[in-house]
>>> print(open('final14.pdb').read())   # PDB, C-alpha atoms, pLDDT in the B column
MODEL        1
ATOM      1  CA  MET A  13     208.919 229.102 241.939  1.00 74.00           C
ATOM      2  CA  SER A  14     209.412 231.305 244.967  1.00 92.00           C
ATOM      3  CA  THR A  15     207.019 231.799 247.861  1.00 95.00           C
ATOM      4  CA  VAL A  16     203.608 233.330 247.202  1.00 97.00           C
ATOM      5  CA  LYS A  17     202.161 236.138 249.313  1.00 97.00           C
ATOM      6  CA  VAL A  18     198.593 235.496 250.446  1.00 98.00           C
ATOM      7  CA  THR A  19     196.173 237.768 252.310  1.00 98.00           C
ATOM      8  CA  ASP A  20     192.767 237.399 253.936  1.00 98.00           C
ATOM      9  CA  GLU A  21     191.291 238.340 250.548  1.00 98.00           C
ATOM     10  CA  THR A  22     193.276 235.810 248.482  1.00 98.00           C
ATOM     11  CA  PHE A  23     193.480 232.938 250.999  1.00 98.00           C
ATOM     12  CA  GLU A  24     190.459 231.015 249.749  1.00 97.00           C
ATOM     13  CA  GLN A  25     191.513 231.167 246.097  1.00 97.00           C
ATOM     14  CA  GLU A  26     195.270 230.669 246.598  1.00 97.00           C
ATOM     15  CA  VAL A  27     195.153 228.086 249.411  1.00 98.00           C
ATOM     16  CA  LEU A  28     191.765 226.433 249.886  1.00 98.00           C
ATOM     17  CA  LYS A  29     191.020 226.047 246.169  1.00 97.00           C
ATOM     18  CA  ALA A  30     194.580 225.122 245.154  1.00 97.00           C
ATOM     19  CA  ASP A  31     195.004 221.927 243.142  1.00 94.00           C
ATOM     20  CA  LYS A  32     198.128 220.874 245.055  1.00 94.00           C
ATOM     21  CA  PRO A  33     199.171 221.045 248.734  1.00 96.00           C
ATOM     22  CA  VAL A  34     199.937 224.509 250.102  1.00 97.00           C
ATOM     23  CA  LEU A  35     202.315 225.167 252.990  1.00 98.00           C
ATOM     24  CA  VAL A  36     201.246 228.441 254.624  1.00 98.00           C
ATOM     25  CA  ASP A  37     203.759 230.293 256.773  1.00 98.00           C
ATOM     26  CA  PHE A  38     202.020 232.656 259.204  1.00 98.00           C
ATOM     27  CA  TRP A  39     204.606 235.325 260.017  1.00 98.00           C
ATOM     28  CA  ALA A  40     205.204 238.993 260.904  1.00 98.00           C
ATOM     29  CA  GLU A  41     207.911 241.524 260.053  1.00 96.00           C
ATOM     30  CA  TRP A  42     208.948 241.898 263.725  1.00 97.00           C
ATOM     31  CA  CYS A  43     209.307 238.133 264.314  1.00 97.00           C
ATOM     32  CA  GLY A  44     212.953 237.009 264.517  1.00 97.00           C
ATOM     33  CA  PRO A  45     212.321 233.251 264.169  1.00 97.00           C
ATOM     34  CA  CYS A  46     210.067 233.983 261.150  1.00 97.00           C
ATOM     35  CA  LYS A  47     212.978 235.718 259.437  1.00 96.00           C
ATOM     36  CA  GLN A  48     215.231 232.786 260.385  1.00 96.00           C
ATOM     37  CA  ILE A  49     213.125 230.228 258.504  1.00 97.00           C
ATOM     38  CA  ALA A  50     212.367 232.461 255.489  1.00 97.00           C
ATOM     39  CA  PRO A  51     215.447 231.375 253.444  1.00 97.00           C
ATOM     40  CA  ALA A  52     214.654 227.679 254.073  1.00 97.00           C
ATOM     41  CA  LEU A  53     211.067 228.204 252.915  1.00 97.00           C
ATOM     42  CA  GLU A  54     212.292 229.963 249.765  1.00 97.00           C
ATOM     43  CA  GLN A  55     214.577 226.989 249.011  1.00 97.00           C
ATOM     44  CA  ILE A  56     211.766 224.502 249.643  1.00 96.00           C
ATOM     45  CA  ALA A  57     209.480 226.523 247.341  1.00 96.00           C
ATOM     46  CA  GLU A  58     212.099 226.187 244.592  1.00 96.00           C
ATOM     47  CA  GLU A  59     212.962 222.529 245.196  1.00 95.00           C
ATOM     48  CA  LEU A  60     209.380 221.260 245.525  1.00 95.00           C
ATOM     49  CA  ALA A  61     207.827 223.642 242.988  1.00 91.00           C
ATOM     50  CA  GLY A  62     205.759 220.964 241.247  1.00 90.00           C
ATOM     51  CA  GLN A  63     204.599 219.311 244.448  1.00 94.00           C
ATOM     52  CA  VAL A  64     203.741 222.039 246.948  1.00 96.00           C
ATOM     53  CA  THR A  65     203.126 225.784 246.954  1.00 97.00           C
ATOM     54  CA  VAL A  66     204.777 227.729 249.771  1.00 98.00           C
ATOM     55  CA  ALA A  67     202.655 230.718 250.776  1.00 98.00           C
ATOM     56  CA  LYS A  68     203.381 233.444 253.321  1.00 98.00           C
ATOM     57  CA  LEU A  69     200.648 235.280 255.216  1.00 98.00           C
ATOM     58  CA  ASP A  70     201.590 238.378 257.230  1.00 98.00           C
ATOM     59  CA  ILE A  71     199.443 238.240 260.374  1.00 98.00           C
ATOM     60  CA  GLU A  72     199.659 242.033 260.799  1.00 97.00           C
ATOM     61  CA  GLU A  73     198.283 242.744 257.311  1.00 97.00           C
ATOM     62  CA  SER A  74     195.746 239.895 257.367  1.00 98.00           C
ATOM     63  CA  PRO A  75     194.540 239.147 260.926  1.00 98.00           C
ATOM     64  CA  THR A  76     191.277 237.354 260.036  1.00 98.00           C
ATOM     65  CA  THR A  77     192.724 234.134 258.600  1.00 98.00           C
ATOM     66  CA  PRO A  78     195.185 233.444 261.467  1.00 98.00           C
ATOM     67  CA  SER A  79     192.421 233.895 264.046  1.00 97.00           C
ATOM     68  CA  ARG A  80     190.103 231.612 262.028  1.00 97.00           C
ATOM     69  CA  TYR A  81     192.725 228.854 262.192  1.00 97.00           C
ATOM     70  CA  GLY A  82     193.708 229.466 265.822  1.00 96.00           C
ATOM     71  CA  VAL A  83     197.221 230.761 265.206  1.00 97.00           C
ATOM     72  CA  ARG A  84     198.561 231.655 268.660  1.00 95.00           C
ATOM     73  CA  GLY A  85     202.291 231.947 268.054  1.00 96.00           C
ATOM     74  CA  ILE A  86     204.490 232.586 265.075  1.00 97.00           C
ATOM     75  CA  PRO A  87     206.007 231.248 263.017  1.00 98.00           C
ATOM     76  CA  THR A  88     203.180 228.775 262.495  1.00 98.00           C
ATOM     77  CA  MET A  89     203.255 226.598 259.398  1.00 98.00           C
ATOM     78  CA  MET A  90     200.113 224.844 258.211  1.00 98.00           C
ATOM     79  CA  LEU A  91     199.836 222.405 255.353  1.00 97.00           C
ATOM     80  CA  PHE A  92     196.550 222.542 253.463  1.00 98.00           C
ATOM     81  CA  LYS A  93     195.425 219.708 251.189  1.00 96.00           C
ATOM     82  CA  GLY A  94     192.139 219.741 249.308  1.00 94.00           C
ATOM     83  CA  GLY A  95     190.916 222.832 251.128  1.00 95.00           C
ATOM     84  CA  GLN A  96     191.533 221.356 254.584  1.00 96.00           C
ATOM     85  CA  MET A  97     194.306 221.933 257.094  1.00 96.00           C
ATOM     86  CA  ALA A  98     196.173 218.619 257.115  1.00 96.00           C
ATOM     87  CA  SER A  99     199.001 219.375 259.535  1.00 97.00           C
ATOM     88  CA  MET A 100     200.487 222.181 261.598  1.00 97.00           C
ATOM     89  CA  LYS A 101     203.863 223.027 263.138  1.00 97.00           C
ATOM     90  CA  VAL A 102     204.580 225.937 265.469  1.00 97.00           C
ATOM     91  CA  GLY A 103     208.027 227.457 265.842  1.00 96.00           C
ATOM     92  CA  ALA A 104     211.137 227.777 263.742  1.00 96.00           C
ATOM     93  CA  MET A 105     212.646 224.586 262.344  1.00 96.00           C
ATOM     94  CA  PRO A 106     215.706 223.946 260.183  1.00 96.00           C
ATOM     95  CA  LYS A 107     215.080 223.172 256.521  1.00 97.00           C
ATOM     96  CA  ASN A 108     215.709 219.429 256.922  1.00 96.00           C
ATOM     97  CA  LYS A 109     213.039 219.222 259.666  1.00 96.00           C
ATOM     98  CA  ILE A 110     210.520 221.073 257.494  1.00 96.00           C
ATOM     99  CA  LEU A 111     211.251 218.659 254.621  1.00 96.00           C
ATOM    100  CA  GLU A 112     210.937 215.711 257.017  1.00 95.00           C
ATOM    101  CA  TRP A 113     207.544 217.009 258.192  1.00 96.00           C
ATOM    102  CA  LEU A 114     206.348 217.490 254.602  1.00 95.00           C
ATOM    103  CA  SER A 115     207.454 213.961 253.768  1.00 94.00           C
ATOM    104  CA  GLU A 116     205.544 212.587 256.799  1.00 92.00           C
ATOM    105  CA  VAL A 117     202.329 214.266 255.664  1.00 90.00           C
ATOM    106  CA  GLY A 118     202.590 212.939 252.137  1.00 88.00           C
ATOM    107  CA  VAL A 119     204.348 215.700 250.220  1.00 86.00           C
ATOM    108  CA  GLN A 120     207.197 213.932 248.474  1.00 68.00           C
ATOM    109  CA  SER A 121     210.637 215.287 249.154  1.00 57.00           C
ATOM    110  CA  VAL A 122     213.353 215.529 246.551  1.00 51.00           C
ATOM    111  CA  ALA A 123     216.016 215.047 249.231  1.00 48.00           C
TER     112      ALA A 123
ENDMDL
END
>>> encode(input="final14.pdb", output="structure tokens")
Amino acid sequence: MSTVKVTDETFEQEVLKADKPVLVDFWAEWCGPCKQIAPALEQIAEELAGQVTVAKLDIEESPTTPSRYGVRGIPTMMLFKGGQMASMKVGAMPKNKILEWLSEVGVQSVA
């Protein structure tokens, strides 16, 4: 499964009411580091398809949700579990670091 696009309108249904953890990538088209991590997030979405959903929220198209969660810089990745933000990372990271972080917060890694 590839990444899922979420918006202010779909955030509650797709993320907060999801039955499994959701990693939300807050990004923008003009953000270089956001584009850098995009391929890694696509791979993680494929590899951990049964365990976590990887969602992308464009802060330009949907400004309400990022401000609600205090997103100050992008890329910001937040992991939501059971409707609550469980963990957050700001800045670009290599794929192995993202997987390490997910493992630390209880999303099992296949690596």
>>> atom_distance(input="final14.pdb", atom1="atom CA of A:Pro75", atom2="atom CA of A:Asp20")
7.4 Å
>>> closest_residue(input="final14.pdb", among="A:Val119, A:Ile56, A:Cys43, A:Ala104", to="A:Leu91", atoms="only C-alpha atoms")
A:Val119
>>> resolve_selection(input="final14.pdb", expression="the PyMOL selection byres ((chain A and resi 84) around 12)", output="list in words")
Phe38, Trp39, Ile71, Pro75, Thr77, Pro78, Ser79, Arg80, Tyr81, Gly82, Val83, Gly85, Ile86, Pro87, Thr88, Met89, Met100, Lys101, Val102 and Gly103 of chain A
>>> resolve_selection(input="final14.pdb", expression="the PyMOL selection byres ((chain A and resi 96) around 12)", output="list in words")
Glu24, Val27, Leu28, Lys29, Ala30, Asp31, Lys32, Pro33, Val34, Leu35, Tyr81, Met90, Leu91, Phe92, Lys93, Gly94, Gly95, Met97, Ala98, Ser99 and Met100 of chain A
>>> atom_distance(input="final14.pdb", atom1="atom CA of A:Ala40", atom2="atom CA of A:Ser74")
10.1 Å
>>> atom_distance(input="final14.pdb", atom1="atom CA of A:Thr19", atom2="atom CA of A:Thr65")
14.9 Å
>>> closest_residue(input="final14.pdb", among="A:Val66, A:Ala52, A:Val18, A:Pro45", to="A:Lys109", atoms="only C-alpha atoms")
A:Ala52
>>> closest_residue(input="final14.pdb", among="A:Glu54, A:Gly44, A:Ala67, A:Met13", to="A:Glu26", atoms="only C-alpha atoms")
A:Ala67
>>> build_atoms(input="final14.pdb", residues="stretch 25-55 of chain A", atoms="N, CA and C atoms", output="compact mmCIF listing (two decimals), in the coordinates of the input")
# COMPACT_ATOMS: atom_id res chain seq x y z
N GLN A 25 191.14 231.51 247.47
CA GLN A 25 191.51 231.17 246.10
C GLN A 25 192.90 230.52 246.02
N GLU A 26 193.88 231.12 246.70
CA GLU A 26 195.27 230.67 246.60
C GLU A 26 195.56 229.40 247.40
N VAL A 27 194.85 229.21 248.51
CA VAL A 27 195.15 228.09 249.41
C VAL A 27 194.05 227.02 249.40
N LEU A 28 192.84 227.42 249.74
CA LEU A 28 191.76 226.43 249.89
C LEU A 28 191.33 225.81 248.55
N LYS A 29 191.43 226.57 247.48
CA LYS A 29 191.02 226.05 246.17
C LYS A 29 192.21 225.60 245.31
N ALA A 30 193.38 225.53 245.90
CA ALA A 30 194.58 225.12 245.15
C ALA A 30 194.47 223.65 244.76
N ASP A 31 195.06 223.31 243.62
CA ASP A 31 195.00 221.93 243.14
C ASP A 31 196.15 221.07 243.66
N LYS A 32 197.06 221.66 244.43
CA LYS A 32 198.13 220.87 245.06
C LYS A 32 198.29 221.37 246.50
N PRO A 33 199.00 220.62 247.34
CA PRO A 33 199.17 221.04 248.73
C PRO A 33 199.81 222.44 248.83
N VAL A 34 199.40 223.17 249.86
CA VAL A 34 199.94 224.51 250.10
C VAL A 34 200.45 224.58 251.54
N LEU A 35 201.72 224.94 251.67
CA LEU A 35 202.32 225.17 252.99
C LEU A 35 202.20 226.66 253.26
N VAL A 36 201.43 227.02 254.29
CA VAL A 36 201.25 228.44 254.62
C VAL A 36 202.09 228.78 255.84
N ASP A 37 202.93 229.78 255.68
CA ASP A 37 203.76 230.29 256.77
C ASP A 37 203.09 231.55 257.31
N PHE A 38 202.59 231.48 258.54
CA PHE A 38 202.02 232.66 259.20
C PHE A 38 203.18 233.36 259.90
N TRP A 39 203.42 234.61 259.54
CA TRP A 39 204.61 235.32 260.02
C TRP A 39 204.29 236.80 260.24
N ALA A 40 205.30 237.54 260.76
CA ALA A 40 205.20 238.99 260.90
C ALA A 40 206.60 239.59 260.75
N GLU A 41 206.65 240.82 260.31
CA GLU A 41 207.91 241.52 260.05
C GLU A 41 208.80 241.57 261.30
N TRP A 42 208.20 241.73 262.48
CA TRP A 42 208.95 241.90 263.73
C TRP A 42 209.39 240.57 264.35
N CYS A 43 209.04 239.46 263.73
CA CYS A 43 209.31 238.13 264.31
C CYS A 43 210.67 237.60 263.87
N GLY A 44 211.61 237.51 264.81
CA GLY A 44 212.95 237.01 264.52
C GLY A 44 212.97 235.59 263.97
N PRO A 45 212.33 234.63 264.67
CA PRO A 45 212.32 233.25 264.17
C PRO A 45 211.68 233.13 262.78
N CYS A 46 210.70 234.00 262.48
CA CYS A 46 210.07 233.98 261.15
C CYS A 46 211.10 234.32 260.08
N LYS A 47 211.94 235.32 260.39
CA LYS A 47 212.98 235.72 259.44
C LYS A 47 214.03 234.62 259.30
N GLN A 48 214.26 233.89 260.40
CA GLN A 48 215.23 232.79 260.38
C GLN A 48 214.84 231.69 259.40
N ILE A 49 213.55 231.34 259.36
CA ILE A 49 213.12 230.23 258.50
C ILE A 49 212.81 230.66 257.07
N ALA A 50 212.73 231.96 256.82
CA ALA A 50 212.37 232.46 255.49
C ALA A 50 213.26 231.91 254.37
N PRO A 51 214.60 231.92 254.53
CA PRO A 51 215.45 231.38 253.44
C PRO A 51 215.18 229.89 253.18
N ALA A 52 214.94 229.11 254.23
CA ALA A 52 214.65 227.68 254.07
C ALA A 52 213.35 227.49 253.30
N LEU A 53 212.35 228.32 253.61
CA LEU A 53 211.07 228.20 252.92
C LEU A 53 211.20 228.59 251.44
N GLU A 54 212.04 229.59 251.16
CA GLU A 54 212.29 229.96 249.76
C GLU A 54 212.92 228.80 249.01
N GLN A 55 213.91 228.13 249.64
CA GLN A 55 214.58 226.99 249.01
C GLN A 55 213.60 225.84 248.78
